[in-house]
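S.K.: Attaching a single structure in structure tokens format; questions to follow.
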Amino acid sequence: MKRITILLSCLILYTVGHAQQEKKSNTLDQLEQQAKAQDGVIKVLQKLKVTGYIQPQFQYGQRDASLKVGGANENNANSFNRIGIRSGRIKFSYEDGIGSVVFLPDITDEGVNLKDAYLNVKDPWFGTIALRAGVFDRPFGNEISYSSSVRESPERSIIFQTFFPEESDVGAMLTLQPAKTSPWHFLKLEAGFFAGNGIKQETDNRKDFIGHLFAEKKIGAKIDVGFGVSYYNGGVYQGTQNIYTMQGKAFVLNSDASNIGKFAKREYFGIDGQFNTASPLGKIKLRGEYLWGTQPGSKVGSKSPNSSSLPNIDTYIRNLSGGYVIFVQDAGTTPFSAVLKYDWYNPNTKVAANEIGQNGTDIGDVTYKTLGMGLLWRVTNSVRLQAYYEFVNNEKSENLDTYNENLKDDIFTLRLQYKF
């Protein structure tokens, strides 16, 4: 009996010990599996980046002004003010190997709109060629791709707002840039084909070509310079048989049923330049662009298409020009900067002043010039306060009832920004 008791006791002790050992082993296996799973999640999260910014702003406008937040003036006899969210953007970017994707919605008090949604693929050998497809900024000039989170003026120049509404378009683009080890790395070429309808869905079979060749160089330790040339070749669908073109100082009608469904020529040329340097007074930035070309529009305007349907109005084809110059002076090493900007847009270079309103010309041929002055305060790395006043001047003509004097459309903007 003693031997049986001892044997049973040893068996019990062995069973309990083995069970405890097996339990420990299972626990270690579970912990190892959990660690591997968490490691996989961490690796995925390391490839995902989330950035963004929000821009609440207050605007004051004279009675004829067009503000960027809030509704139109409810009383055209008086000045008015509005408060709202100019931009609320959150950018999701995911990169894995040679591929990456970006989603960028814009969330404001007006709703949610798509700003960017594209994929980018680099060549796996040298990294000098990249293909981008989706919705993204058009590769024309400098101001389109110059983010509003760092831009020193509240809005882009009027000519860019007219030519490239919403900045982005649906298309595919190749980027070519020599490797960093190459002496030609300072050159960059972007070129692609686009729907030509902004972020709206494509509505016709025509594709527009856009290209931008840019060179950027550092001179010494304090000077950065850049220079670029751009080209746009596309078309605008003709919704009626009536096509007006300028001959001399008059619009001449070409009315033919075969005009319907054809495309009016849309062609721009552009040059852009940038200059940055350090001085005893603080950092200096100087940028400018000049654009010219041919733009199809309507009788009352020359805005590029960005509609969800094809146009059904008569087409007016004009030669135009415009541009901007902006100067930014930092106040020494303080977080303050002064801004001075001048931009202009001449939608019809064939007529001016009292010639407008005659021979088929109308308010769509009026030139606009804007002088803007502002102050920037970079409160922290994330917070920025911007105050900016725009003196807006329009061309006057005694033949236009609305434009026989300068409109009252100056605008003051006070914008707070948080960037993360």
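Identifiers for the structure tokens are assigned positionally: chains receive A, B, ... in sequence, residues are indexed from 1 per chain, and ligands are indexed from 1 in the order shown.
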To test your reading of the structure, identify every residue in region 364-413 of chain A that backbone DSSP assigns to strand (DSSP E), and report it as a ChimeraX atom specification.
M.R.: /A:368-378,383-394,411-413
S.K.: Would you list the contacts of Ile98 (chain A) as a PDB file with N, CA and C atoms, in the first residue's frame, taking every protein, DNA or RNA residue within 8 Å and counting only C-alpha atoms, but skipping same-chain residues closer than 5 positions in sequence?
M.R.:
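Writing the result to around_37.pdb gives the following:
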```pdb
ATOM      1  N   VAL A 121       3.343  55.578 -58.775  1.00  0.00           N
ATOM      2  CA  VAL A 121       4.226  54.423 -58.902  1.00  0.00           C
ATOM      3  C   VAL A 121       5.568  54.881 -59.469  1.00  0.00           C
ATOM      4  N   LYS A 122       6.664  54.573 -58.764  1.00  0.00           N
ATOM      5  CA  LYS A 122       8.010  54.917 -59.220  1.00  0.00           C
ATOM      6  C   LYS A 122       8.662  53.717 -59.892  1.00  0.00           C
ATOM      7  N   ASP A 123       9.587  53.998 -60.813  1.00  0.00           N
ATOM      8  CA  ASP A 123      10.306  52.883 -61.421  1.00  0.00           C
ATOM      9  C   ASP A 123      11.218  52.246 -60.360  1.00  0.00           C
ATOM     10  N   PRO A 124      11.306  50.916 -60.341  1.00  0.00           N
ATOM     11  CA  PRO A 124      12.032  50.221 -59.258  1.00  0.00           C
ATOM     12  C   PRO A 124      13.543  50.211 -59.426  1.00  0.00           C
TER      13      PRO A 124
END
```
S.K.: Considering only C-alpha atoms, return as a list in words whatever protein or nucleic-acid residues lie within 8 Å of region 173-176 of chain A, sequence-local ones (same chain, fewer than 5 positions apart) excluded.
M.R.: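 The residues that qualify are Thr128, Ile129, Ala130, Leu131, Arg132, Ala133, Lys188, Leu189, Glu190, Ala191, Gly192 and Phe193 of chain A.
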S.K.: Determine, using only C-alpha atoms, which residues of region 20-104 of chain A have any atom at most 10 Å from an atom of region 137-156 of chain A, and tabulate each with its shortest atom pair and distance in Å to one decimal place, rows ordered by chain and then rising number, as a Markdown table.
M.R.:
```
| residue | atom | partner | partner_atom | distance |
| --- | --- | --- | --- | --- |
| A:Gly52 | CA | A:Ser149 | CA | 8.9 |
| A:Tyr53 | CA | A:Ser149 | CA | 7.1 |
| A:Ile54 | CA | A:Ser149 | CA | 8.7 |
| A:Gln55 | CA | A:Ser149 | CA | 8.5 |
| A:Gln57 | CA | A:Pro154 | CA | 9.9 |
| A:Lys68 | CA | A:Glu155 | CA | 9.0 |
| A:Arg86 | CA | A:Pro154 | CA | 9.4 |
| A:Ser87 | CA | A:Ser148 | CA | 8.8 |
| A:Arg89 | CA | A:Ser149 | CA | 9.8 |
```
S.K.: Find the residues around Asn346 (chain A) up to 8 Å (only C-alpha atoms counted), leave out those fewer than 4 positions away in its own chain, and share them as a ChimeraX atom specification.
M.R.: /A:320-322,365-368
S.K.: Taking N, CA and C atoms for each residue, export the selection above as a compact mmCIF listing (two decimals), in the first residue's frame.
M.R.:
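Written output follows (result-v4.txt):
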```txt
# COMPACT_ATOMS: atom_id res chain seq x y z
N LEU A 320 -6.01 86.12 -74.27
CA LEU A 320 -5.97 86.68 -72.92
C LEU A 320 -4.57 86.65 -72.36
N SER A 321 -4.39 87.34 -71.23
CA SER A 321 -3.11 87.35 -70.53
C SER A 321 -3.35 87.72 -69.07
N GLY A 322 -2.36 87.42 -68.25
CA GLY A 322 -2.47 87.76 -66.84
C GLY A 322 -1.32 87.17 -66.04
N ASP A 365 -15.32 90.62 -71.00
CA ASP A 365 -14.09 91.15 -71.58
C ASP A 365 -13.43 92.20 -70.67
N VAL A 366 -13.92 92.33 -69.46
CA VAL A 366 -13.43 93.35 -68.51
C VAL A 366 -12.18 92.84 -67.78
N THR A 367 -11.15 93.69 -67.71
CA THR A 367 -9.90 93.36 -67.01
C THR A 367 -10.03 93.63 -65.51
N TYR A 368 -9.43 92.76 -64.70
CA TYR A 368 -9.39 92.93 -63.24
C TYR A 368 -7.95 93.03 -62.77
```
S.K.: Which region 259-310 of chain A residues have any atom within 10 Å of an atom of region 238-251 of chain A, and for each, what is the nearest pair of atoms with distance in Å to one decimal, counting only C-alpha atoms, rows sorted by chain and number, as JSON lines?
M.R.:
```
{"residue": "A:Asn259", "atom": "CA", "partner": "A:Gln241", "partner_atom": "CA", "distance": 4.9}
{"residue": "A:Ile260", "atom": "CA", "partner": "A:Gln241", "partner_atom": "CA", "distance": 5.1}
{"residue": "A:Gly261", "atom": "CA", "partner": "A:Gln238", "partner_atom": "CA", "distance": 5.5}
{"residue": "A:Lys262", "atom": "CA", "partner": "A:Gln238", "partner_atom": "CA", "distance": 5.6}
{"residue": "A:Phe263", "atom": "CA", "partner": "A:Gln238", "partner_atom": "CA", "distance": 5.6}
{"residue": "A:Ala264", "atom": "CA", "partner": "A:Gln238", "partner_atom": "CA", "distance": 6.5}
{"residue": "A:Pro296", "atom": "CA", "partner": "A:Gln238", "partner_atom": "CA", "distance": 9.2}
{"residue": "A:Gly297", "atom": "CA", "partner": "A:Tyr244", "partner_atom": "CA", "distance": 9.8}
{"residue": "A:Ser298", "atom": "CA", "partner": "A:Tyr244", "partner_atom": "CA", "distance": 9.4}
{"residue": "A:Lys299", "atom": "CA", "partner": "A:Tyr244", "partner_atom": "CA", "distance": 9.1}
{"residue": "A:Leu310", "atom": "CA", "partner": "A:Gly239", "partner_atom": "CA", "distance": 7.0}
```
S.K.: Neighbours of Ser168 (chain A) within 8 Å (only C-alpha atoms; same-chain residues fewer than 2 positions away dropped), as a PyMOL selection string?
M.R.: chain A and resi 115-116+135-138+164-166+170+198-199
